[in-house]
Amino acid sequence: GESVGLHLPTLSVQEGDNSIINCAYSNSASDYFIWYKQESGKGPQFIIDIRSNMDKRQGQRVTVLLNKTVKHLSLQIAATQPGDSAVYFCAEILNAGGTSYGKLTFGQGTILTVHP
Amino acid sequence: ETGVTQTPRHLVMGMTNKKSLKCEQHLGHNAMYWYKQSAKKPLELMFVYSLEERVENNSVPSRFSPECPNSSHLFLHLHTLQPEDSALYLCASSQTAIAGVDTQYFGPGTRLTVL
């Protein structure tokens, strides 16, 4: 049969705007979450993480929000720049710090395009 | 750069060929990983090695055979692959393999095309 690729959500913003990228995760028992950025021709790069006992965590120009009630994670990027253009992935881990060896479960990703 | 290198960056092979992908990390980490990134599915974990011992095999077909001769090097041996195995194969490493403790650093990947 015909193969069908993933249809990734896309977000287009103007330089200087704030961006919000959303992710719905799958397992209500997941206790650790990570956002990765993947630029063209490169592997995923760690941006920020958050544990399930937190609702919000801030980094440099980025903020992650966690809503466990609806299993939703968001990444906010302030003053978005053209260099922020990439695919953004959320990932979840069950039983962080336990015996599940580094098993990240990734979301499908969102394509962010920043226009100068 | 992340300190994780992969070779080759691109590989085209026939279904009857045997080839190997190589990953090297220069970070002094003790855990290494293989992931598959295809156009049809989200990034998927394939194998996890901790201190050169395989600790996770995520239901990967036997036509993919990993090897970890030391904590700095990881190989993925390929034989009799199928066209649906065409994907970007990513290697990662972390200080330990304990979930959620240490950040995983990814290499740039090998773009594999199976004809």
# chains A, B, ... in the order shown; residues from 1 in each chain; ligands from 1

$ closest_atom_pairs --of "chain B" --to "chain A" --cutoff "9 Å" --atoms "only C-alpha atoms" --output "JSON lines"
{"residue": "B:Thr2", "atom": "CA", "partner": "A:Gln45", "partner_atom": "CA", "distance": 8.3}
{"residue": "B:Ala31", "atom": "CA", "partner": "A:Gly102", "partner_atom": "CA", "distance": 8.9}
{"residue": "B:Tyr33", "atom": "CA", "partner": "A:Gly102", "partner_atom": "CA", "distance": 8.7}
{"residue": "B:Ser38", "atom": "CA", "partner": "A:Gly5", "partner_atom": "CA", "distance": 8.4}
{"residue": "B:Ala39", "atom": "CA", "partner": "A:Gly5", "partner_atom": "CA", "distance": 4.9}
{"residue": "B:Lys40", "atom": "CA", "partner": "A:Gly5", "partner_atom": "CA", "distance": 4.4}
{"residue": "B:Lys41", "atom": "CA", "partner": "A:Leu6", "partner_atom": "CA", "distance": 6.5}
{"residue": "B:Pro42", "atom": "CA", "partner": "A:Gln108", "partner_atom": "CA", "distance": 4.7}
{"residue": "B:Leu43", "atom": "CA", "partner": "A:Phe106", "partner_atom": "CA", "distance": 5.8}
{"residue": "B:Glu44", "atom": "CA", "partner": "A:Thr105", "partner_atom": "CA", "distance": 7.1}
{"residue": "B:Leu45", "atom": "CA", "partner": "A:Lys103", "partner_atom": "CA", "distance": 6.9}
{"residue": "B:Val48", "atom": "CA", "partner": "A:Tyr101", "partner_atom": "CA", "distance": 7.3}
{"residue": "B:Tyr49", "atom": "CA", "partner": "A:Tyr101", "partner_atom": "CA", "distance": 8.9}
{"residue": "B:Ser50", "atom": "CA", "partner": "A:Tyr101", "partner_atom": "CA", "distance": 8.6}
{"residue": "B:Val55", "atom": "CA", "partner": "A:Tyr101", "partner_atom": "CA", "distance": 7.2}
{"residue": "B:Glu56", "atom": "CA", "partner": "A:Tyr101", "partner_atom": "CA", "distance": 7.1}
{"residue": "B:Leu90", "atom": "CA", "partner": "A:Gly43", "partner_atom": "CA", "distance": 6.9}
{"residue": "B:Cys91", "atom": "CA", "partner": "A:Gly43", "partner_atom": "CA", "distance": 8.5}
{"residue": "B:Ala92", "atom": "CA", "partner": "A:Gly43", "partner_atom": "CA", "distance": 8.8}
{"residue": "B:Ser94", "atom": "CA", "partner": "A:Gly102", "partner_atom": "CA", "distance": 8.8}
{"residue": "B:Thr96", "atom": "CA", "partner": "A:Gly102", "partner_atom": "CA", "distance": 8.4}
{"residue": "B:Ala97", "atom": "CA", "partner": "A:Gly102", "partner_atom": "CA", "distance": 5.1}
{"residue": "B:Ile98", "atom": "CA", "partner": "A:Tyr101", "partner_atom": "CA", "distance": 5.1}
{"residue": "B:Ala99", "atom": "CA", "partner": "A:Gly102", "partner_atom": "CA", "distance": 3.9}
{"residue": "B:Gly100", "atom": "CA", "partner": "A:Ala96", "partner_atom": "CA", "distance": 4.7}
{"residue": "B:Val101", "atom": "CA", "partner": "A:Gly97", "partner_atom": "CA", "distance": 6.0}
{"residue": "B:Asp102", "atom": "CA", "partner": "A:Gly102", "partner_atom": "CA", "distance": 8.5}
{"residue": "B:Thr103", "atom": "CA", "partner": "A:Phe46", "partner_atom": "CA", "distance": 7.3}
{"residue": "B:Gln104", "atom": "CA", "partner": "A:Phe46", "partner_atom": "CA", "distance": 7.6}
{"residue": "B:Tyr105", "atom": "CA", "partner": "A:Gln45", "partner_atom": "CA", "distance": 6.9}
{"residue": "B:Phe106", "atom": "CA", "partner": "A:Gly43", "partner_atom": "CA", "distance": 5.3}
{"residue": "B:Gly107", "atom": "CA", "partner": "A:Gly43", "partner_atom": "CA", "distance": 5.4}
{"residue": "B:Pro108", "atom": "CA", "partner": "A:Lys42", "partner_atom": "CA", "distance": 4.3}
{"residue": "B:Gly109", "atom": "CA", "partner": "A:Gly43", "partner_atom": "CA", "distance": 6.2}

$ closest_residue --among "A:Gln60, A:Asn22, A:Thr113, A:Asn53" --to "A:Leu75" --atoms "only C-alpha atoms"
A:Asn22

$ select_by_dssp --residues "stretch 18-85 of chain B" --states "strand (DSSP E)" --output "number ranges by chain"
B: 18-25, 31-37, 44-50, 53-57, 64-70, 73-79

$ residues_around --residues "B:Pro83" --least-positions-apart "5" --cutoff "8 Å" --atoms "only C-alpha atoms" --output "list in words"
Met15, Thr113, Val114 and Leu115 of chain B

$ residues_around --residues "B:Tyr89" --least-positions-apart "2" --cutoff "9 Å" --atoms "only C-alpha atoms" --output "list in words"
Leu21, Trp34, Tyr35, Lys36, Gln37, Ser38, Ser86, Ala87, Cys91, Pro108, Gly109, Thr110, Arg111 and Leu112 of chain B

$ residues_around --residues "A:Val13" --least-positions-apart "4" --cutoff "8 Å" --atoms "only C-alpha atoms" --output "PyMOL selection string"
chain A and resi 17-19+80+112-115

$ write_last_selection --atoms "C-alpha atoms" --output "mmCIF file, in the first residue's frame"
data_model
loop_
_atom_site.group_PDB
_atom_site.id
_atom_site.type_symbol
_atom_site.label_atom_id
_atom_site.label_comp_id
_atom_site.auth_asym_id
_atom_site.auth_seq_id
_atom_site.Cartn_x
_atom_site.Cartn_y
_atom_site.Cartn_z
ATOM 1 C CA ASP A 17 6.957 37.182 18.826
ATOM 2 C CA ASN A 18 6.449 34.666 21.608
ATOM 3 C CA SER A 19 5.859 31.058 20.539
ATOM 4 C CA THR A 80 11.520 34.020 19.049
ATOM 5 C CA LEU A 112 8.420 25.969 14.157
ATOM 6 C CA THR A 113 9.228 28.488 11.423
ATOM 7 C CA VAL A 114 10.357 31.961 12.412
ATOM 8 C CA HIS A 115 10.141 34.665 9.756
#

$ atom_distance --atom1 "atom CA of B:Leu78" --atom2 "atom CA of B:Pro61"
10.5 Å

$ residues_around --residues "A:Thr110" --least-positions-apart "5" --cutoff "9 Å" --atoms "only C-alpha atoms" --output "PyMOL selection string"
chain A and resi 8-11+21-23+86-89

$ write_last_selection --atoms "N, CA, C and O atoms" --output "tab-separated table (two decimals), in the first residue's frame"
chain	number	residue	atom	x	y	z
A	8	LEU	N	3.21	16.61	10.64
A	8	LEU	CA	3.56	17.32	11.85
A	8	LEU	C	2.81	18.64	11.93
A	8	LEU	O	2.69	19.36	10.92
A	9	PRO	N	2.33	19.00	13.11
A	9	PRO	CA	1.77	20.34	13.30
A	9	PRO	C	2.83	21.39	12.98
A	9	PRO	O	4.03	21.15	13.18
A	10	THR	N	2.40	22.53	12.49
A	10	THR	CA	3.33	23.60	12.18
A	10	THR	C	2.91	24.88	12.87
A	10	THR	O	1.72	25.11	13.14
A	11	LEU	N	3.90	25.69	13.18
A	11	LEU	CA	3.67	26.99	13.80
A	11	LEU	C	4.59	27.98	13.11
A	11	LEU	O	5.81	27.77	13.05
A	21	ILE	N	4.40	26.06	21.93
A	21	ILE	CA	4.31	24.76	21.29
A	21	ILE	C	3.69	23.78	22.29
A	21	ILE	O	4.11	23.73	23.44
A	22	ASN	N	2.71	23.03	21.83
A	22	ASN	CA	1.96	22.16	22.72
A	22	ASN	C	2.26	20.69	22.47
A	22	ASN	O	2.63	20.29	21.37
A	23	CYS	N	2.04	19.90	23.52
A	23	CYS	CA	2.27	18.47	23.43
A	23	CYS	C	1.29	17.76	24.37
A	23	CYS	O	1.16	18.15	25.53
A	86	ALA	N	13.00	25.10	13.88
A	86	ALA	CA	13.40	23.70	14.06
A	86	ALA	C	12.14	22.87	14.29
A	86	ALA	O	11.03	23.40	14.32
A	87	VAL	N	12.33	21.58	14.47
A	87	VAL	CA	11.25	20.70	14.94
A	87	VAL	C	11.43	20.53	16.44
A	87	VAL	O	12.55	20.28	16.92
A	88	TYR	N	10.35	20.68	17.18
A	88	TYR	CA	10.39	20.57	18.64
A	88	TYR	C	9.63	19.32	19.07
A	88	TYR	O	8.49	19.10	18.67
A	89	PHE	N	10.29	18.52	19.90
A	89	PHE	CA	9.69	17.28	20.39
A	89	PHE	C	9.56	17.31	21.91
A	89	PHE	O	10.47	17.77	22.60
